[in-house]
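> The file below is coords-v2.cif, mmCIF, C-alpha atoms and all ligand atoms:
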```
data_my_file
#
loop_
_atom_site.label_atom_id
_atom_site.label_comp_id
_atom_site.auth_asym_id
_atom_site.auth_seq_id
_atom_site.Cartn_x
_atom_site.Cartn_y
_atom_site.Cartn_z
CA MET Q 12 191.43 224.95 153.19
CA ARG Q 13 188.32 223.83 155.03
CA ILE Q 14 184.79 224.98 155.79
CA ALA Q 15 182.96 223.98 158.97
CA THR Q 16 179.15 223.78 159.05
CA GLU Q 17 176.93 222.75 161.94
CA ARG Q 18 177.51 219.01 161.44
CA LEU Q 19 180.13 218.76 158.72
CA LEU Q 20 183.68 219.54 157.76
CA LEU Q 21 184.32 220.29 154.08
CA ARG Q 22 188.00 219.75 153.23
CA ALA Q 23 189.65 220.84 149.97
CA THR Q 24 191.11 218.06 147.83
CA ASN Q 25 194.25 216.46 149.22
CA PRO Q 26 195.92 213.32 147.79
CA GLN Q 27 196.24 212.11 151.39
CA PHE Q 28 192.49 211.37 151.27
CA ALA Q 29 193.03 208.68 148.60
CA GLU Q 30 192.30 205.68 150.84
CA ALA Q 31 189.20 207.25 152.44
CA VAL Q 32 187.86 208.39 149.04
CA ALA Q 33 188.41 204.95 147.47
CA GLU Q 34 186.57 203.36 150.42
CA TYR Q 35 183.70 205.84 149.95
CA LEU Q 36 183.42 205.00 146.25
CA VAL Q 37 183.53 201.24 146.85
CA ARG Q 38 180.89 201.55 149.60
CA ASN Q 39 178.53 203.47 147.28
CA ARG Q 40 179.36 201.88 143.93
CA GLU Q 41 175.99 200.15 143.52
CA ALA Q 42 173.87 202.90 145.13
CA HIS Q 43 175.30 205.63 142.87
CA ARG Q 44 175.51 203.58 139.67
CA GLU Q 45 172.28 204.87 138.13
CA TRP Q 46 173.09 208.56 138.77
CA ASN Q 47 176.80 208.90 137.93
CA PRO Q 48 178.76 208.20 134.72
CA PRO Q 49 180.78 204.97 134.91
CA MET Q 50 184.28 205.22 136.37
CA PRO Q 51 187.29 203.05 135.55
CA ASP Q 52 187.94 200.27 138.09
CA ARG Q 53 191.27 201.88 138.94
CA LEU Q 54 189.51 204.83 140.59
CA PHE Q 55 188.08 202.45 143.19
CA THR Q 56 191.63 201.75 144.44
CA GLN Q 57 193.82 203.87 146.70
CA GLU Q 58 196.56 204.10 144.04
CA GLY Q 59 194.16 205.17 141.29
CA GLN Q 60 192.48 207.67 143.57
CA HIS Q 61 195.85 209.12 144.60
CA GLU Q 62 196.68 209.89 140.94
CA ARG Q 63 193.24 211.43 140.42
CA LEU Q 64 193.45 213.56 143.56
CA VAL Q 65 196.90 214.87 142.61
CA ALA Q 66 195.43 216.03 139.28
CA ALA Q 67 192.30 217.43 140.97
CA ALA Q 68 194.39 219.36 143.52
CA GLU Q 69 196.36 220.91 140.63
CA SER Q 70 193.10 221.96 138.95
CA GLU Q 71 192.03 223.59 142.21
CA THR Q 72 195.33 225.47 142.40
CA ASP Q 73 194.97 226.76 138.82
CA GLY Q 74 191.34 227.74 139.47
CA SER Q 75 189.60 225.42 137.01
CA GLN Q 76 187.91 223.41 139.79
CA VAL Q 77 186.77 223.79 143.39
CA GLY Q 78 186.35 220.46 145.20
CA TRP Q 79 185.35 219.42 148.70
CA PHE Q 80 185.37 216.13 150.56
CA LEU Q 81 182.77 215.88 153.31
CA SER Q 82 183.23 214.33 156.76
CA LEU Q 83 181.06 214.36 159.85
CA LYS Q 84 182.68 216.58 162.48
CA GLY Q 85 185.08 214.60 164.64
CA ASP Q 86 185.46 211.78 162.11
CA GLU Q 87 188.04 211.53 159.30
CA LYS Q 88 185.90 209.18 157.18
CA VAL Q 89 184.88 210.64 153.79
CA ILE Q 90 181.07 210.60 153.53
CA GLY Q 91 180.53 212.64 150.39
CA HIS Q 92 181.94 215.05 147.88
CA ILE Q 93 181.09 218.25 146.04
CA ARG Q 94 182.87 219.43 142.91
CA PHE Q 95 182.53 222.63 140.88
CA SER Q 96 184.26 221.71 137.63
CA GLN Q 97 184.77 223.18 134.16
CA ILE Q 98 185.14 226.65 135.67
CA VAL Q 99 185.19 229.15 132.82
CA ARG Q 100 186.02 232.80 133.52
CA GLY Q 101 185.73 235.89 131.34
CA PRO Q 102 182.15 236.87 130.53
CA PHE Q 103 180.84 233.40 131.60
CA CYS Q 104 182.14 232.88 135.20
CA ASN Q 105 180.32 229.55 135.28
CA ALA Q 106 180.89 226.10 136.81
CA MET Q 107 179.28 222.66 136.57
CA LEU Q 108 178.24 221.19 139.94
CA GLY Q 109 178.45 217.52 140.96
CA TYR Q 110 177.85 215.95 144.37
CA SER Q 111 177.04 212.75 146.24
CA ILE Q 112 176.68 211.48 149.79
CA ASP Q 113 176.92 208.08 151.49
CA SER Q 114 173.69 206.20 150.79
CA GLY Q 115 173.35 205.39 154.50
CA LEU Q 116 173.26 209.10 155.37
CA GLU Q 117 170.69 210.33 152.83
CA GLY Q 118 167.61 212.32 153.82
CA ARG Q 119 169.09 214.09 156.87
CA GLY Q 120 169.67 217.43 155.19
CA LEU Q 121 173.44 216.88 155.15
CA MET Q 122 173.94 217.64 151.45
CA ARG Q 123 171.74 220.72 151.72
CA GLU Q 124 173.92 221.91 154.63
CA ALA Q 125 177.12 221.19 152.69
CA LEU Q 126 175.94 222.77 149.43
CA GLU Q 127 174.68 225.92 151.16
CA ALA Q 128 178.22 226.42 152.50
CA ALA Q 129 179.95 225.44 149.25
CA LEU Q 130 177.73 227.74 147.17
CA SER Q 131 178.34 230.65 149.56
CA ASP Q 132 182.05 230.08 149.00
CA VAL Q 133 181.97 230.03 145.18
CA PHE Q 134 179.70 233.09 145.16
CA SER Q 135 182.03 234.95 147.55
CA PRO Q 136 184.95 237.16 146.40
CA ARG Q 137 187.30 234.17 146.94
CA VAL Q 138 185.97 232.44 143.79
CA MET Q 139 183.35 234.88 142.50
CA LEU Q 140 181.35 232.76 140.09
CA HIS Q 141 178.31 234.30 138.46
CA ARG Q 142 176.47 231.06 137.70
CA VAL Q 143 176.52 227.42 138.79
CA GLN Q 144 174.90 224.80 136.59
CA ALA Q 145 173.65 221.38 137.74
CA ASN Q 146 172.19 218.76 135.40
CA VAL Q 147 170.17 215.87 136.80
CA ARG Q 148 168.36 212.82 135.47
CA PRO Q 149 164.59 213.44 135.66
CA GLU Q 150 164.21 210.21 137.67
CA ASN Q 151 166.52 211.55 140.40
CA THR Q 152 163.75 213.17 142.43
CA ARG Q 153 165.89 213.50 145.55
CA SER Q 154 168.57 215.45 143.72
CA LEU Q 155 165.99 217.62 141.94
CA GLY Q 156 164.27 218.31 145.28
CA LEU Q 157 167.62 219.29 146.78
CA LEU Q 158 168.35 221.72 143.94
CA ASP Q 159 164.84 223.23 144.18
CA ARG Q 160 165.39 223.76 147.90
CA LEU Q 161 168.71 225.49 147.17
CA GLY Q 162 167.14 227.92 144.71
CA PHE Q 163 168.31 226.35 141.44
CA VAL Q 164 165.99 227.18 138.55
CA ARG Q 165 165.03 224.60 135.94
CA GLU Q 166 166.15 226.04 132.62
CA GLY Q 167 165.76 223.27 130.11
CA TYR Q 168 165.75 219.62 129.19
CA ALA Q 169 168.70 217.98 127.46
CA ARG Q 170 167.99 214.79 125.54
CA ASN Q 171 170.57 211.98 125.53
CA TYR Q 172 172.87 214.18 127.60
CA LEU Q 173 175.11 211.71 129.48
CA PHE Q 174 176.03 208.05 129.15
CA ILE Q 175 175.07 206.45 132.48
CA GLY Q 176 174.14 202.89 133.36
CA GLY Q 177 174.55 201.59 129.81
CA ALA Q 178 172.52 204.22 127.90
CA TRP Q 179 172.38 207.90 126.95
CA ARG Q 180 170.20 209.60 129.57
CA ASP Q 181 168.08 212.74 129.37
CA HIS Q 182 168.86 215.43 131.98
CA VAL Q 183 166.97 218.36 133.51
CA MET Q 184 169.24 221.42 133.28
CA THR Q 185 169.21 223.74 136.29
CA ALA Q 186 171.24 226.74 137.36
CA ARG Q 187 171.62 229.21 140.17
CA ILE Q 188 172.81 232.76 139.64
CA ASN Q 189 175.00 234.47 142.24
CA PRO Q 190 172.50 236.65 144.14
CA ALA Q 191 175.26 239.03 145.25
CA TRP Q 192 176.34 239.89 141.70
CA ARG Q 193 174.90 243.28 140.68
CA ALA Q 194 173.47 243.15 137.14
CA SER Q 195 175.70 246.01 136.00
CA ARG Q 196 178.93 244.65 137.49
CA GLU Q 197 181.41 243.56 134.84
CA PRO Q 198 183.34 240.33 135.43
CA SER Q 199 186.91 241.08 136.44
CA CYS Q 200 187.96 237.45 136.26
CA SER Q 201 190.02 236.50 133.22
C1 LIG G 301 171.16 213.62 145.83
C2 LIG G 301 171.81 213.48 147.20
C3 LIG G 301 173.16 214.16 147.17
C4 LIG G 301 170.92 214.14 148.24
O1 LIG G 301 171.59 214.18 149.48
P1 LIG G 301 170.79 214.21 150.86
O2 LIG G 301 171.79 214.47 151.94
O3 LIG G 301 169.95 213.00 150.97
O4 LIG G 301 169.86 215.48 150.62
P2 LIG G 301 169.19 216.32 151.78
O5 LIG G 301 168.77 215.41 152.87
O6 LIG G 301 170.09 217.45 152.10
O7 LIG G 301 167.90 216.85 151.06
C5 LIG G 301 167.79 218.18 150.69
C6 LIG G 301 166.45 218.42 150.07
O8 LIG G 301 166.20 217.46 149.05
C7 LIG G 301 164.81 217.17 149.01
N1 LIG G 301 164.65 215.75 149.18
C8 LIG G 301 165.28 214.96 150.07
N2 LIG G 301 164.88 213.69 149.88
C9 LIG G 301 163.99 213.69 148.86
C10 LIG G 301 163.21 212.69 148.21
N3 LIG G 301 163.31 211.41 148.55
N4 LIG G 301 162.40 213.06 147.20
C11 LIG G 301 162.33 214.37 146.82
N5 LIG G 301 163.02 215.34 147.42
C12 LIG G 301 163.84 215.01 148.42
C13 LIG G 301 164.16 217.93 150.09
O9 LIG G 301 163.65 219.14 149.54
C14 LIG G 301 165.28 218.25 151.02
O10 LIG G 301 165.05 219.47 151.64
P3 LIG G 301 164.77 219.46 153.23
O11 LIG G 301 166.10 219.33 153.88
O12 LIG G 301 164.11 220.74 153.46
O13 LIG G 301 163.87 218.27 153.51
C15 LIG G 301 171.99 211.98 147.59
O14 LIG G 301 170.74 211.36 147.53
C16 LIG G 301 172.96 211.23 146.70
O15 LIG G 301 174.18 211.26 146.93
N6 LIG G 301 172.44 210.53 145.67
C17 LIG G 301 173.27 209.71 144.79
C18 LIG G 301 174.19 210.54 143.91
C19 LIG G 301 173.45 211.60 143.15
O16 LIG G 301 172.31 211.45 142.78
N7 LIG G 301 174.15 212.73 142.93
C20 LIG G 301 173.58 213.84 142.20
C21 LIG G 301 173.63 213.59 140.73
S1 LIG G 301 172.83 214.93 139.88
#
```
Can I see the file as structure tokens?
Ligand SMILES: CC(C)(COP(=O)(O)OP(=O)(O)OC[C@H]1O[C@@H](n2cnc3c(N)ncnc32)[C@H](O)[C@@H]1OP(=O)(O)O)[C@@H](O)C(=O)NCCC(=O)NCCS


Amino acid sequence: MRIATERLLLRATNPQFAEAVAEYLVRNREAHREWNPPMPDRLFTQEGQHERLVAAAESETDGSQVGWFLSLKGDEKVIGHIRFSQIVRGPFCNAMLGYSIDSGLEGRGLMREALEAALSDVFSPRVMLHRVQANVRPENTRSLGLLDRLGFVREGYARNYLFIGGAWRDHVMTARINPAWRASREPSCS
């Protein structure tokens, strides 16, 4: 499964991407350290990534996650990722959103382009989420600006929310509601 945007290709998780994903993580390890929870060293290797991607692909098949790896059109290199995780159905129909892009490609509107497409997908009948939640460190002004631009609403402030960079970090809690979901429509997802 893939989604094409003007400049990008979003490809669903495939264990064959293990080498390209490990290279992406190694390339951005320092740049992303202050925004993402620490990862075991093994995930920075092709073998460790292969195991993780096999598990992630299974989660996508059973509907508990939707994940995308980003490439510039015409290039196989992985330059970012988007993941809707912890998908809960029933009366919640909610997911947690995570994302990152190569530090050398920031500020060109690429993540906005990718997230607009990925959000359209999870709000479409294919996935049909009602709400997507994204939590961000208050210092991460770029990520907060991106979420503002995408119509996420700031809903609260969670103290000591995630352990990142050696300490428990506060997070701004934001969410976007599916604009196509009529207020009276009952969730059919189970
Ligand atoms: C956060 C991140 C994904 C943004 O990606 P990006 O491709 O640089 O974002 P975009 O260029 O699409 O920016 C989208 C919007 O963000 C806002 N923005 C961009 N740079 C900004 C900055 N330096 N300060 C404040 N807002 C900014 C703008 O509103 C922009 O809208 P525009 O396209 O109309 O100008 C990227 O910086 C990243 O991967 N950071 C490290 C990992 C991370 O923080 N992940 C998120 C954890 S919550």

> Could you make a table, as a tab-separated table, of the residues of chain Q that have an atom within 6 Å of an atom of ligand LIG 301 (chain G), each with its nearest atom pair and distance in Å to one decimal, counting only C-alpha atoms and all ligand atoms, in chain and number order?


```
residue	atom	partner	partner_atom	distance
Q:His43	CA	G:LIG301	C17	4.9
Q:Trp46	CA	G:LIG301	O16	5.0
Q:Tyr110	CA	G:LIG301	N7	5.1
Q:Ser111	CA	G:LIG301	O15	3.3
Q:Ile112	CA	G:LIG301	O15	3.8
Q:Glu117	CA	G:LIG301	O3	3.3
Q:Gly118	CA	G:LIG301	O5	3.4
Q:Arg119	CA	G:LIG301	O5	4.2
Q:Gly120	CA	G:LIG301	O6	3.1
Q:Leu121	CA	G:LIG301	O2	4.3
Q:Met122	CA	G:LIG301	O2	3.9
Q:Arg123	CA	G:LIG301	O6	3.7
Q:Asn146	CA	G:LIG301	S1	5.9
Q:Val147	CA	G:LIG301	S1	4.2
Q:Thr152	CA	G:LIG301	C11	4.8
Q:Arg153	CA	G:LIG301	C9	3.8
Q:Ser154	CA	G:LIG301	C1	3.8
Q:Gly156	CA	G:LIG301	N5	3.9
Q:Leu157	CA	G:LIG301	O8	3.2
Q:Arg160	CA	G:LIG301	O9	5.2
```

> Contacts between range 179-195 of chain Q and range 65-143 of chain Q, please, where a residue of range 65-143 of chain Q counts if it comes within 6 Å (with all atoms listed in the file); show its shortest atom pair and distance in Å to one decimal, rows by chain and ascending number, as a Markdown table.


```
| residue | atom | partner | partner_atom | distance |
| --- | --- | --- | --- | --- |
| Q:Phe134 | CA | Q:Asn189 | CA | 5.7 |
| Q:His141 | CA | Q:Asn189 | CA | 5.0 |
| Q:Arg142 | CA | Q:Ile188 | CA | 4.5 |
| Q:Val143 | CA | Q:Arg187 | CA | 5.4 |
```

> As JSON, please report the centre and edge lengths, rounded to one decimal in Å, of the axis-aligned box that holds all listed atoms of range 72-83 of chain Q with 6 Å of padding on each of the six sides.


```
{"center_x": 188.2, "center_y": 221.0, "center_z": 148.4, "size_x": 26.3, "size_y": 25.4, "size_z": 34.8}
```

> Counting only C-alpha atoms, figure out which residue out of Q:Gln144, Q:Ser131, Q:Leu126, Q:Asp86 gets nearest to Ile98 in chain Q.

Q:Gln144

> Identify, on the basis of all atoms listed in the file, every residue whose closest approach to Gly78 in chain Q does not exceed 6 Å; exclude the query and any residue fewer than 3 positions from it along the same chain; express the result as a PDB file with C-alpha atoms, keeping the file's coordinate frame.


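Listing of selection17.pdb after writing:
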```pdb
ATOM      1  CA  ALA Q  23     189.650 220.840 149.970  1.00  0.00           C
ATOM      2  CA  THR Q  24     191.110 218.060 147.830  1.00  0.00           C
ATOM      3  CA  ILE Q  93     181.090 218.250 146.040  1.00  0.00           C
ATOM      4  CA  ARG Q  94     182.870 219.430 142.910  1.00  0.00           C
TER       5      ARG Q  94
END
```

> For Tyr172 in chain Q, which residue out of Q:Gln60, Q:Ser75, Q:Pro48, Q:Gly115 is the nearest one, using all atoms listed in the file?

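Comparing Q:Gln60, Q:Ser75, Q:Pro48, Q:Gly115 against Tyr172 in chain Q, the winner is Q:Pro48.
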
> Name the closest residue to Val37 in chain Q among the candidates Q:Arg22, Q:Arg196, Q:Val65, Q:Ile90; distances are taken between atoms, counting all atoms listed in the file.

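Among Q:Arg22, Q:Arg196, Q:Val65, Q:Ile90, it is Q:Ile90 that comes nearest to Val37 in chain Q.
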